[in-house]
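Undergrad: Handing you a structure now.
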Amino acid sequence: MKAPSFWWRRAGFLALVFLPISIVIALVARLRFRRKGKSFDIPVICVGNPVAGGAGKTPTAIALAALLKEAGYNPVFVSRGYRGRLSGPVVVDPQRHRARDVGDEPLLLVRTAPTIVSKDRAAAVALAEKEGYDAVIMDDGFQNPSLTKDYSFLVVDARRGVGNGLVMPSGPLRAPLGDQLDRADSLVVIGHAPEAQTIVRPAAKRAMRIFEAAIAPDKAVVERLGDLPIVAYAGLGRPSKLFDTLKEIGKPPVKGIGFPDHHRFKPKDANRLLTEGWYHAARLVTTEKDMTRLPGDETILGELKRNSIALPVTLTFDDRVTILRELKPIIERQRRRRRAP
């Protein structure tokens, strides 16, 4: 599914039509938030986003893991492996597992730190605790009350903010904004835009930590793109993020083709994209996440993969020192608790 465009405008007729359903969903979410989740002796650091669709939580989770590793810690990712067939808990092996097994995001996460996939997140955390990792970084799961989180980041794309501020299906929020902010410790704002103030202001009133971050494409890959025209395609919560990134680096695509988030490419998609590339005499450019869903075989999908360039992106925090200062006491406290006789 694609996020409806009316979510990102002032609430109008369509938002009002769905409002009764949104009220019910908001009430259910509020009740779920009151449930007490299962606790573990390993710290659980959650990275979530308040809205449906892509906000940059996976790049944020990867940046947090890299930061903890630089500080000498041994983090592990936990993911439910959305659209993967394995129920888990299973440790992701990039040599053996494919997106159809564990989902696409875990195949990105495992490049930075070990990753455990499980439909039952508590089972994954239990395995991480047993294996002796220093901290769990949960990619998503903020709205899921089954686990007690020791620290939670909410991630927002500054250019999107929280849209019309309503709960799905009237708007993009997964739960009432106030309830989500009350459960979070910090807000990560990616980019700069006035739309972010709709969440920054209420976060500041709650004295939450607010961290700024930026996402930039890999310079070496940008150079590889050369001067040829570009046909870009992406199956993301917001495919236009890839197209906007290419525009910002001076390489606007001659055509941008969007698919739903986690889209499983079919032969007809590959045929269409390869034809577009041939017609425009262009390079095909996609995201790393989309590339994980393409097989490296001799089918037309494999041909699409061989003829596409993935544009990696990296998230950087403006204030890494303060983030580490927030997380270090939690990790050290849990370490001491596990070592105690």
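Quick note on naming: the chains in the structure tokens go A, B, ... in the order shown, residues restart at 1 in each chain, and ligands are numbered from 1 in order of appearance.
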As a list in words, please: the residues near range 314-324 of chain A (cut-off 7 Å, only C-alpha atoms, same-chain neighbours under 5 positions excluded).

TA: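 Residues near the query, excluding close chain neighbours: Pro59, Thr60, Ala63, Phe211, Glu212, Ala213, Ala214, Ile215, Ala216 and Pro217 of chain A.
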
Undergrad: Leaving out Pro229 in chain A and any residue of its chain fewer than 2 positions from it, which residues lie within 8 Å of it when counting only C-alpha atoms, given as a PDB file with C-alpha atoms, in the first residue's frame?

TA:
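Contents of the output file part18.pdb:
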ATOM      1  CA  ASP A 227      26.754  11.914 -16.781  1.00  0.00           C
ATOM      2  CA  VAL A 231      15.860   6.167 -14.418  1.00  0.00           C
ATOM      3  CA  LYS A 251      21.435  14.132 -11.001  1.00  0.00           C
ATOM      4  CA  PRO A 253      16.150  11.280 -12.889  1.00  0.00           C
ATOM      5  CA  VAL A 254      14.554  11.533 -16.310  1.00  0.00           C
ATOM      6  CA  HIS A 280      16.167   6.675 -22.207  1.00  0.00           C
ATOM      7  CA  ALA A 281      19.691   5.226 -22.677  1.00  0.00           C
ATOM      8  CA  ALA A 282      19.883   5.619 -18.927  1.00  0.00           C
ATOM      9  CA  ARG A 283      21.379   4.044 -15.837  1.00  0.00           C
TER      10      ARG A 283
END

Undergrad: Contacts of range 77-85 of chain A at 8 Å or less, counting only C-alpha atoms, minus same-chain residues fewer than 3 places along, as a list of chain:residue names?

TA: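 My reading of the contact set: A:Ala99, A:Arg100, A:Asp101, A:Val102, A:Gly103, A:Asp104, A:Glu105, A:Pro106, A:Leu109, A:Val110, A:Ala113, A:Pro114, A:Thr115, A:Ile116, A:Val117, A:Ser118, A:Lys119, A:Asp120, A:Arg121, A:Ala124, A:Val125, A:Val136, A:Ile137, A:Met138, A:Asp139, A:Asp140, A:His262.
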
Undergrad: Enumerate as a ChimeraX atom specification all residues of range 13-182 of chain A assigned to strand (DSSP E or B) by DSSP on the backbone, naming them with the chain letters and numbers the document uses.

TA: /A:38,44-48,51,75-79,90-91,115-117,135-139,147,151-157,167,173

Undergrad: Which residues are near Tyr73 in chain A? Cut-off 10 Å, only C-alpha atoms, ignore same chain within fewer than 6 positions. Put them as a ChimeraX atom specification.

TA: /A:65-67,133-135,328,331-332

Undergrad: Between A:Phe259, A:Tyr233, A:Phe6, A:Phe13, which is the closest to Glu276 in chain A once you count only C-alpha atoms?

TA: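 Of the candidates, the smallest distance to Glu276 in chain A is held by A:Tyr233.
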
Undergrad: Please provide the set of residues having any atom within 10 Å of range 303-313 of chain A, restricted to only C-alpha atoms, with same-chain residues fewer than 2 positions apart removed, written as a PyMOL selection string.

TA: chain A and resi 59+214-222+224-225+231-233+242+245-246+265+267+269-274+277+283-301+315-316

Undergrad: Filtering to C-alpha atoms, could you give me those residues as a PDB file, in the first residue's frame?

TA:
ATOM      1  CA  PRO A  59      19.426   4.272   8.767  1.00  0.00           C
ATOM      2  CA  ALA A 214      21.216  14.131   8.054  1.00  0.00           C
ATOM      3  CA  ILE A 215      21.241  11.435   5.389  1.00  0.00           C
ATOM      4  CA  ALA A 216      23.786  11.644   2.583  1.00  0.00           C
ATOM      5  CA  PRO A 217      24.471   9.332  -0.377  1.00  0.00           C
ATOM      6  CA  ASP A 218      27.766   7.487  -0.813  1.00  0.00           C
ATOM      7  CA  LYS A 219      30.179   9.768  -2.688  1.00  0.00           C
ATOM      8  CA  ALA A 220      31.955   6.951  -4.522  1.00  0.00           C
ATOM      9  CA  VAL A 221      28.681   5.633  -5.949  1.00  0.00           C
ATOM     10  CA  VAL A 222      27.609   9.153  -6.916  1.00  0.00           C
ATOM     11  CA  ARG A 224      30.054   6.115 -10.647  1.00  0.00           C
ATOM     12  CA  LEU A 225      26.762   7.484 -11.936  1.00  0.00           C
ATOM     13  CA  VAL A 231      15.860   6.167 -14.418  1.00  0.00           C
ATOM     14  CA  ALA A 232      15.243   5.729 -10.689  1.00  0.00           C
ATOM     15  CA  TYR A 233      12.913   3.235  -9.052  1.00  0.00           C
ATOM     16  CA  LEU A 242      15.317   8.547  -3.660  1.00  0.00           C
ATOM     17  CA  THR A 245      18.178  12.749  -3.186  1.00  0.00           C
ATOM     18  CA  LEU A 246      19.217  12.419  -6.825  1.00  0.00           C
ATOM     19  CA  PHE A 265       9.342  -7.216  -7.852  1.00  0.00           C
ATOM     20  CA  PRO A 267       9.010 -10.144 -14.056  1.00  0.00           C
ATOM     21  CA  ASP A 269       8.193  -4.897 -13.284  1.00  0.00           C
ATOM     22  CA  ALA A 270      11.666  -5.892 -14.409  1.00  0.00           C
ATOM     23  CA  ASN A 271      10.608  -5.809 -18.053  1.00  0.00           C
ATOM     24  CA  ARG A 272       9.136  -2.340 -17.610  1.00  0.00           C
ATOM     25  CA  LEU A 273      12.195  -0.961 -15.825  1.00  0.00           C
ATOM     26  CA  LEU A 274      14.699  -2.467 -18.271  1.00  0.00           C
ATOM     27  CA  GLY A 277      16.390   2.227 -19.141  1.00  0.00           C
ATOM     28  CA  ARG A 283      21.379   4.044 -15.837  1.00  0.00           C
ATOM     29  CA  LEU A 284      18.911   2.302 -13.558  1.00  0.00           C
ATOM     30  CA  VAL A 285      19.321   3.503  -9.970  1.00  0.00           C
ATOM     31  CA  THR A 286      17.563   2.125  -6.898  1.00  0.00           C
ATOM     32  CA  THR A 287      18.053   1.810  -3.134  1.00  0.00           C
ATOM     33  CA  GLU A 288      20.039  -0.779  -1.216  1.00  0.00           C
ATOM     34  CA  LYS A 289      16.802  -1.951   0.369  1.00  0.00           C
ATOM     35  CA  ASP A 290      15.228  -2.588  -3.035  1.00  0.00           C
ATOM     36  CA  MET A 291      18.357  -4.334  -4.276  1.00  0.00           C
ATOM     37  CA  THR A 292      18.091  -6.928  -1.481  1.00  0.00           C
ATOM     38  CA  ARG A 293      14.751  -8.051  -2.933  1.00  0.00           C
ATOM     39  CA  LEU A 294      16.215  -8.818  -6.365  1.00  0.00           C
ATOM     40  CA  PRO A 295      17.697 -12.291  -6.911  1.00  0.00           C
ATOM     41  CA  GLY A 296      21.162 -12.825  -8.320  1.00  0.00           C
ATOM     42  CA  ASP A 297      20.052 -15.417 -10.838  1.00  0.00           C
ATOM     43  CA  GLU A 298      19.589 -15.716 -14.594  1.00  0.00           C
ATOM     44  CA  THR A 299      15.946 -14.625 -14.643  1.00  0.00           C
ATOM     45  CA  ILE A 300      14.808 -11.220 -15.860  1.00  0.00           C
ATOM     46  CA  LEU A 301      14.779 -10.121 -12.207  1.00  0.00           C
ATOM     47  CA  LEU A 315      22.858   8.843   8.465  1.00  0.00           C
ATOM     48  CA  THR A 316      24.992  11.074  10.661  1.00  0.00           C
TER      49      THR A 316
END

Undergrad: Considering only C-alpha atoms, state which residue in the set A:Gly250, A:Pro194, A:Gly163, A:Pro89 is at the smallest distance from Arg10 in chain A.

TA: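 Of all the options, A:Gly163 lies closest to Arg10 in chain A.
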
Undergrad: DSSP on the backbone, helix (DSSP H, G or I) only: what residues of range 69-233 of chain A does that give? Format it as JSON, numbers by chain.

TA: {"A": [69, 70, 99, 100, 101, 102, 105, 106, 107, 108, 109, 121, 122, 123, 124, 125, 126, 127, 128, 129, 130, 131, 177, 178, 179, 180, 181, 182, 183, 194, 195, 196, 197, 198, 199, 200, 201, 202, 203, 204, 205, 219, 220, 221, 222, 223, 224, 225]}

Undergrad: So that I can check the surroundings of range 175-192 of chain A, please list as a VMD selection string every protein, DNA and RNA residue that reaches within 9 Å of it, counting only C-alpha atoms and ignoring chain neighbours fewer than 5 positions away.

TA: chain A and resid 25 to 30 33 50 to 51 55 to 56 60 142 to 143 151 to 159 161 to 162 165 to 168 199 to 200 202 to 203 206 208 to 215 315 317
